[in-house]
$ cat start.cif   # mmCIF, C-alpha atoms and all ligand atoms
data_model
loop_
_atom_site.label_atom_id
_atom_site.label_comp_id
_atom_site.auth_asym_id
_atom_site.auth_seq_id
_atom_site.Cartn_x
_atom_site.Cartn_y
_atom_site.Cartn_z
CA MET Q 1427 148.72 67.46 55.53
CA THR Q 1428 151.89 67.45 57.63
CA SER Q 1429 153.25 64.23 58.92
CA ARG Q 1430 154.83 64.40 62.36
CA ASN Q 1431 158.12 62.70 63.17
CA SER Q 1432 159.02 60.93 66.40
CA THR Q 1433 160.46 64.08 68.02
CA THR Q 1434 156.98 65.64 68.26
CA PRO Q 1435 154.38 64.55 70.83
CA GLY Q 1436 152.37 62.89 68.05
CA SER Q 1437 148.64 63.06 67.54
CA ALA Q 1438 145.73 63.19 69.98
CA VAL Q 1439 141.96 62.76 69.87
CA VAL Q 1440 139.61 64.83 72.04
CA THR Q 1441 135.95 63.77 72.06
CA GLY Q 1442 133.29 66.33 72.92
CA GLY Q 1443 135.90 68.90 71.93
CA ALA Q 1444 133.68 71.46 70.23
CA ARG Q 1445 133.20 73.44 73.43
CA GLY Q 1446 133.64 73.51 77.20
CA ILE Q 1447 136.26 71.35 78.90
CA GLY Q 1448 137.02 69.42 75.68
CA ARG Q 1449 137.86 72.60 73.82
CA GLY Q 1450 140.11 73.66 76.73
CA ILE Q 1451 141.92 70.32 76.58
CA ALA Q 1452 142.33 70.53 72.81
CA GLU Q 1453 143.75 74.07 73.03
CA ARG Q 1454 146.35 72.95 75.55
CA LEU Q 1455 147.34 69.95 73.47
CA VAL Q 1456 147.84 72.17 70.41
CA ALA Q 1457 150.02 74.46 72.54
CA ARG Q 1458 152.10 71.42 73.57
CA GLY Q 1459 152.70 70.50 69.94
CA TYR Q 1460 150.18 67.70 69.41
CA ALA Q 1461 148.40 67.22 66.11
CA VAL Q 1462 144.89 67.34 67.58
CA VAL Q 1463 141.73 65.83 66.13
CA VAL Q 1464 138.71 67.53 67.71
CA THR Q 1465 135.60 65.36 67.54
CA ASP Q 1466 132.02 66.02 68.58
CA VAL Q 1467 128.46 64.91 67.84
CA ASP Q 1468 128.15 68.56 66.77
CA GLY Q 1469 130.19 68.21 63.55
CA PRO Q 1470 130.13 71.90 62.46
CA GLY Q 1471 131.06 72.86 66.03
CA ALA Q 1472 134.04 70.48 65.96
CA GLU Q 1473 135.20 71.90 62.61
CA ARG Q 1474 134.82 75.47 63.82
CA THR Q 1475 136.72 74.84 67.03
CA ALA Q 1476 139.47 72.96 65.19
CA ALA Q 1477 139.94 75.90 62.82
CA GLU Q 1478 139.93 78.43 65.68
CA ILE Q 1479 142.50 76.66 67.88
CA GLY Q 1480 144.83 75.28 65.19
CA ALA Q 1481 143.84 71.61 65.48
CA VAL Q 1482 144.53 69.42 62.42
CA ALA Q 1483 140.93 68.24 61.99
CA GLY Q 1484 137.39 68.60 63.31
CA LEU Q 1485 135.19 65.54 62.89
CA VAL Q 1486 131.58 64.61 63.48
CA HIS Q 1487 131.72 61.72 65.93
CA ASP Q 1488 128.95 60.29 68.07
CA VAL Q 1489 130.74 58.45 70.86
CA ARG Q 1490 127.90 55.92 71.07
CA ASP Q 1491 129.10 54.51 67.72
CA PRO Q 1492 132.15 52.22 68.08
CA GLY Q 1493 132.93 52.54 64.36
CA ALA Q 1494 133.13 56.32 64.62
CA HIS Q 1495 135.91 55.97 67.22
CA ALA Q 1496 137.92 53.88 64.77
CA ALA Q 1497 137.45 56.61 62.14
CA ALA Q 1498 138.71 59.23 64.61
CA ALA Q 1499 141.76 57.08 65.40
CA ALA Q 1500 142.47 56.65 61.69
CA GLU Q 1501 142.22 60.40 61.12
CA ALA Q 1502 144.65 61.05 64.00
CA ALA Q 1503 147.09 58.48 62.60
CA ARG Q 1504 147.16 60.40 59.32
CA HIS Q 1505 148.68 63.37 61.19
CA GLY Q 1506 151.13 61.65 63.50
CA VAL Q 1507 151.66 58.75 65.85
CA LEU Q 1508 148.62 58.49 68.12
CA THR Q 1509 149.81 58.94 71.71
CA ALA Q 1510 146.95 60.59 73.61
CA TRP Q 1511 143.18 60.11 73.69
CA PHE Q 1512 140.70 62.13 75.76
CA ASN Q 1513 137.27 60.57 76.32
CA ASN Q 1514 135.62 63.81 77.33
CA ALA Q 1515 132.21 63.83 75.58
CA GLY Q 1516 129.37 63.65 78.05
CA VAL Q 1517 125.81 64.62 78.85
CA GLY Q 1518 124.67 65.93 82.22
CA ASP Q 1519 120.95 65.35 82.63
CA ASP Q 1520 120.13 66.09 86.26
CA GLY Q 1521 117.20 64.86 88.30
CA ARG Q 1522 116.29 62.04 90.64
CA LEU Q 1523 116.07 58.55 89.12
CA SER Q 1524 112.29 58.61 89.44
CA GLU Q 1525 112.10 61.96 87.59
CA LEU Q 1526 114.30 61.24 84.58
CA SER Q 1527 112.76 60.12 81.30
CA GLU Q 1528 113.69 56.69 79.98
CA GLU Q 1529 115.41 58.48 77.10
CA ALA Q 1530 117.57 60.54 79.49
CA VAL Q 1531 118.60 57.46 81.49
CA ARG Q 1532 119.63 55.66 78.29
CA ARG Q 1533 121.49 58.71 76.99
CA LEU Q 1534 123.46 59.10 80.21
CA VAL Q 1535 124.59 55.48 80.17
CA GLU Q 1536 125.18 55.26 76.43
CA VAL Q 1537 127.08 58.54 75.97
CA ASN Q 1538 128.96 58.73 79.26
CA LEU Q 1539 129.74 55.07 79.91
CA LEU Q 1540 129.53 53.22 76.60
CA GLY Q 1541 131.08 56.19 74.78
CA THR Q 1542 134.08 56.03 77.10
CA LEU Q 1543 134.42 52.25 76.83
CA TRP Q 1544 134.37 52.35 73.02
CA GLY Q 1545 136.83 55.24 73.10
CA MET Q 1546 139.27 53.35 75.34
CA ARG Q 1547 139.16 50.34 73.02
CA ALA Q 1548 139.83 52.48 69.97
CA ALA Q 1549 142.67 54.28 71.73
CA ILE Q 1550 144.40 51.08 72.89
CA ASP Q 1551 144.07 49.68 69.39
CA GLY Q 1552 145.36 52.93 67.85
CA PHE Q 1553 148.34 53.18 70.22
CA GLY Q 1554 149.56 49.76 69.11
CA ASP Q 1555 152.86 48.58 70.64
CA ARG Q 1556 154.00 52.12 71.41
CA GLY Q 1557 151.36 52.77 74.09
CA GLY Q 1558 150.07 56.15 75.17
CA ASP Q 1559 147.78 58.00 77.58
CA ILE Q 1560 144.00 57.80 77.85
CA VAL Q 1561 142.34 60.49 79.96
CA ASN Q 1562 138.67 60.00 80.77
CA THR Q 1563 136.67 62.98 81.97
CA ALA Q 1564 134.73 61.44 84.85
CA SER Q 1565 133.45 63.67 87.66
CA LEU Q 1566 133.59 64.14 91.39
CA ALA Q 1567 130.04 62.75 91.16
CA GLY Q 1568 131.63 59.38 90.34
CA LEU Q 1569 133.30 59.11 93.73
CA GLY Q 1570 130.31 59.01 96.07
CA PRO Q 1571 126.56 59.49 96.47
CA VAL Q 1572 125.16 62.53 94.65
CA PRO Q 1573 121.40 62.83 95.15
CA GLY Q 1574 119.77 64.68 92.27
CA TYR Q 1575 122.37 63.25 89.89
CA SER Q 1576 121.93 59.54 90.57
CA VAL Q 1577 122.20 58.26 86.99
CA TYR Q 1578 124.85 60.78 85.95
CA ALA Q 1579 126.85 59.85 89.07
CA ALA Q 1580 126.44 56.13 88.33
CA SER Q 1581 127.73 56.62 84.78
CA LYS Q 1582 130.75 58.53 86.11
CA ALA Q 1583 131.40 55.98 88.89
CA ALA Q 1584 131.48 53.32 86.20
CA ILE Q 1585 134.02 55.39 84.27
CA VAL Q 1586 136.24 55.65 87.36
CA SER Q 1587 135.91 51.90 87.89
CA ALA Q 1588 136.68 51.07 84.25
CA THR Q 1589 139.63 53.48 84.27
CA MET Q 1590 141.22 51.70 87.23
CA SER Q 1591 140.62 48.22 85.80
CA VAL Q 1592 141.72 49.02 82.26
CA ASP Q 1593 144.85 50.75 83.54
CA ALA Q 1594 145.67 47.63 85.55
CA GLU Q 1595 144.94 45.17 82.74
CA THR Q 1596 146.90 46.94 79.97
CA PRO Q 1597 150.68 46.86 79.50
CA ARG Q 1598 152.75 49.44 81.39
CA ARG Q 1599 153.19 51.52 78.24
CA VAL Q 1600 149.43 52.28 78.32
CA ARG Q 1601 148.45 54.73 81.06
CA VAL Q 1602 144.75 55.25 81.79
CA HIS Q 1603 143.58 58.17 83.91
CA ALA Q 1604 140.30 59.65 85.12
CA VAL Q 1605 139.99 63.33 85.94
CA CYS Q 1606 137.16 64.00 88.41
CA PRO Q 1607 136.23 67.69 88.50
CA ASP Q 1608 133.75 69.40 90.79
CA GLY Q 1609 131.30 71.81 89.08
CA VAL Q 1610 132.80 73.64 86.08
CA GLN Q 1611 131.42 76.77 84.41
CA THR Q 1612 130.27 75.37 81.04
CA ALA Q 1613 127.07 75.02 79.00
CA MET Q 1614 126.43 71.75 80.84
CA LEU Q 1615 126.24 73.46 84.20
CA ASP Q 1616 124.15 76.28 82.72
CA GLY Q 1617 121.66 73.66 81.52
CA GLN Q 1618 120.88 72.29 85.01
CA ASP Q 1619 117.53 72.86 86.67
CA PRO Q 1620 118.34 76.02 88.67
CA GLY Q 1621 116.07 74.96 91.54
CA GLY Q 1622 117.10 71.28 91.43
CA LEU Q 1623 118.71 69.33 94.23
CA GLY Q 1624 121.72 68.44 92.08
CA ASN Q 1625 122.37 72.09 91.22
CA ALA Q 1626 122.18 73.06 94.91
CA LEU Q 1627 124.74 70.39 95.83
CA VAL Q 1628 127.11 71.41 93.00
CA HIS Q 1629 127.19 74.91 94.49
CA SER Q 1630 127.67 73.70 98.07
CA GLY Q 1631 131.40 73.11 97.94
CA GLY Q 1632 133.22 76.28 97.02
CA PRO Q 1633 133.84 78.27 93.86
CA ILE Q 1634 132.76 76.79 90.53
CA LEU Q 1635 135.86 75.74 88.58
CA THR Q 1636 137.03 77.27 85.32
CA VAL Q 1637 137.57 75.29 82.12
CA ASP Q 1638 141.24 76.34 82.25
CA THR Q 1639 141.80 74.75 85.66
CA VAL Q 1640 140.22 71.45 84.69
CA ALA Q 1641 141.76 71.26 81.20
CA GLU Q 1642 145.21 71.88 82.66
CA ALA Q 1643 144.70 69.15 85.27
CA ALA Q 1644 143.56 66.72 82.58
CA VAL Q 1645 146.44 67.39 80.17
CA ASP Q 1646 148.97 67.25 83.02
CA LEU Q 1647 148.04 63.59 83.53
CA ILE Q 1648 149.84 62.71 80.30
CA GLY Q 1649 152.91 60.66 81.13
CA SER Q 1650 152.04 60.37 84.83
CA ARG Q 1651 151.20 57.17 86.70
CA ARG Q 1652 148.34 58.87 88.52
CA VAL Q 1653 145.12 57.00 87.76
CA VAL Q 1654 142.38 59.08 89.45
CA ARG Q 1655 142.71 62.82 89.98
CA SER Q 1656 140.05 64.94 91.70
CA VAL Q 1657 139.84 68.67 91.06
CA PRO Q 1658 140.09 70.23 93.58
CA GLY Q 1659 141.82 67.42 95.47
CA TRP Q 1660 140.22 68.15 98.84
CA ARG Q 1661 136.70 67.77 97.43
CA GLY Q 1662 137.58 64.27 96.25
CA GLY Q 1663 138.31 63.36 99.87
CA VAL Q 1664 134.99 64.78 101.06
CA VAL Q 1665 132.94 62.90 98.43
CA ARG Q 1666 134.82 59.65 99.10
CA VAL Q 1667 133.91 59.92 102.80
CA GLY Q 1668 130.28 59.98 101.62
CA ALA Q 1669 130.94 56.73 99.75
CA ILE Q 1670 132.33 55.09 102.91
CA ALA Q 1671 129.31 56.13 104.98
CA PRO Q 1672 126.37 56.69 102.60
CA GLY Q 1673 123.86 56.52 105.45
CA VAL Q 1674 125.54 59.48 107.12
CA ALA Q 1675 125.81 61.28 103.76
CA LYS Q 1676 122.03 60.97 103.40
CA LEU Q 1677 121.57 62.85 106.67
CA GLY Q 1678 123.86 65.63 105.43
CA THR Q 1679 122.09 66.14 102.09
CA ALA Q 1680 119.65 68.77 103.36
CA VAL Q 1681 122.45 70.72 105.07
CA PHE Q 1682 124.65 70.74 101.96
CA ALA Q 1683 121.69 71.59 99.70
CA ALA Q 1684 120.79 74.58 101.89
CA GLN Q 1685 124.43 75.69 101.81
CA GLY Q 1686 124.38 75.42 97.98
CA ARG Q 1687 121.16 77.41 97.67
CA ARG Q 1688 122.66 80.19 99.78
CA ALA Q 1689 125.74 80.21 97.53
CA ILE Q 1690 123.51 80.42 94.42
CA SER Q 1691 121.63 83.37 95.95
CA ARG Q 1692 124.91 85.15 96.76
CA ARG Q 1693 126.18 84.60 93.21
CA SER Q 1694 123.02 85.97 91.65
CA GLY Q 1695 123.03 88.88 94.12
CA SER Q 1696 119.49 88.12 95.33
N1 LIG L 1 130.56 71.11 83.73
C1 LIG L 1 130.70 70.42 84.85
O1 LIG L 1 130.31 70.89 85.95
C2 LIG L 1 131.37 69.07 84.82
C3 LIG L 1 131.85 68.54 86.03
C4 LIG L 1 132.46 67.29 86.02
C5 LIG L 1 132.60 66.60 84.84
N2 LIG L 1 132.12 67.13 83.68
C6 LIG L 1 132.28 66.34 82.46
O2 LIG L 1 133.10 67.06 81.56
C7 LIG L 1 132.83 66.62 80.23
C8 LIG L 1 132.65 67.85 79.34
O3 LIG L 1 131.52 68.55 79.78
P1 LIG L 1 131.36 70.14 79.70
O4 LIG L 1 131.07 70.62 81.06
O5 LIG L 1 132.48 70.73 78.92
O6 LIG L 1 129.98 70.22 78.92
P2 LIG L 1 129.57 70.75 77.46
O7 LIG L 1 128.13 70.43 77.35
O8 LIG L 1 130.01 72.15 77.28
O9 LIG L 1 130.44 69.85 76.47
C9 LIG L 1 130.11 68.52 76.20
C10 LIG L 1 130.42 68.23 74.76
O10 LIG L 1 130.13 66.85 74.50
C11 LIG L 1 129.43 66.78 73.26
N3 LIG L 1 128.62 65.56 73.19
C12 LIG L 1 127.43 65.31 73.81
N4 LIG L 1 126.97 64.11 73.43
C13 LIG L 1 127.87 63.58 72.57
C14 LIG L 1 127.95 62.36 71.84
N5 LIG L 1 126.98 61.45 71.88
N6 LIG L 1 129.05 62.14 71.07
C15 LIG L 1 130.03 63.08 70.99
N7 LIG L 1 129.99 64.26 71.62
C16 LIG L 1 128.93 64.51 72.42
C17 LIG L 1 128.59 68.03 73.22
O11 LIG L 1 128.16 68.34 71.88
C18 LIG L 1 129.54 69.07 73.79
O12 LIG L 1 130.34 69.68 72.81
C19 LIG L 1 131.59 65.74 80.32
O13 LIG L 1 131.98 64.38 80.30
C20 LIG L 1 131.02 66.09 81.67
O14 LIG L 1 130.24 65.06 82.23
C21 LIG L 1 131.53 68.36 83.64
#

$ encode --input "start.cif" --output "structure tokens"
Amino acid sequence: MTSRNSTTPGSAVVTGGARGIGRGIAERLVARGYAVVVTDVDGPGAERTAAEIGAVAGLVHDVRDPGAHAAAAAEAARHGVLTAWFNNAGVGDDGRLSELSEEAVRRLVEVNLLGTLWGMRAAIDGFGDRGGDIVNTASLAGLGPVPGYSVYAASKAAIVSATMSVDAETPRRVRVHAVCPDGVQTAMLDGQDPGGLGNALVHSGGPILTVDTVAEAAVDLIGSRRVVRSVPGWRGGVVRVGAIAPGVAKLGTAVFAAQGRRAISRRSGS
């Protein structure tokens, strides 16, 4: 076990790091010299990814468990001064509120929102007097109305809200950021109902993003004073307009959904 000195970036925790955007973030942090602890509810997946990318540890970690965050922070501290924490784990159940099971609604709130709140607390505690950066993976869905993703969007809006408040209530040495990506090509997107309203809207706005683009944007927030970052930036503006005038956004839903369905057809060549 190597101990890092103060000339290195220190250690970092990435939740939901076994695959997808979290894995991309962890890879970049390793490349930047961090001692990275990859955590995931999929413990073997976290261990495998950690070994493949050169992270210092892969841990089983359900973000719904506050105590498990403390264990992740303690593991990171064994490898270096904790300076960065990525609350990235999330679930993406799509569907209208009336269609989702009670279990799915609970999971969305508990994993996405509570998991991020517990993670921020553990990070602030773990940073101690030195401070550091917390980057929460929210979503463009958190910036405005997203029919077909109402509970997911609510959980992400709450993350954006908590990010802004916690950044403002912590000392200057603690920087809290939210990255808000549009649709990204990962297992989460692949798991959406292909004919669902949410899936149509995700495909209505331009090319689906790559993990590389989003992971780079997230890691680049380290050290910056930027609190909320949309990827791509222009889409953040469009979704925020929907939040200012949700009645108008409702009228546009059918138009955007039709646009998304055409884009899905073009992609599948049908
Ligand atoms: N893919 C997209 O289109 C998209 C867009 C915007 C935001 N996001 C957000 O990006 C983050 C990463 O998603 P992804 O697209 O890489 O999806 P993904 O499904 O590939 O990865 C999510 C990871 O989180 C883990 N996870 C799920 N529940 C967990 C729990 N209770 N505790 C710990 N880990 C848990 C999963 O095992 C998985 O490894 C999520 O927060 C997601 O909401 C994704």

$ atom_distance --input "start.cif" --atom1 "CA of Arg1692 in chain Q" --atom2 "CA of Pro1633 in chain Q"
11.6 Å

$ residues_near_ligand --input "start.cif" --ligand "ligand LIG 1 (chain L)" --cutoff "7 Å" --atoms "only C-alpha atoms and all ligand atoms" --output "ChimeraX atom specification"
/Q:1441-1448,1465-1468,1487-1490,1514-1518,1537-1538,1563-1566,1606-1615

$ closest_residue --input "start.cif" --among "Q:Pro1492, Q:Pro1573, Q:Pro1597, Q:Gly1436" --to "Ala1548 in chain Q" --atoms "all atoms listed in the file"
Q:Pro1492

$ atom_distance --input "start.cif" --atom1 "CA of Gly1521 in chain Q" --atom2 "CA of Leu1623 in chain Q"
7.6 Å

$ atom_distance --input "start.cif" --atom1 "CA of Ile1560 in chain Q" --atom2 "CA of Thr1636 in chain Q"
22.0 Å
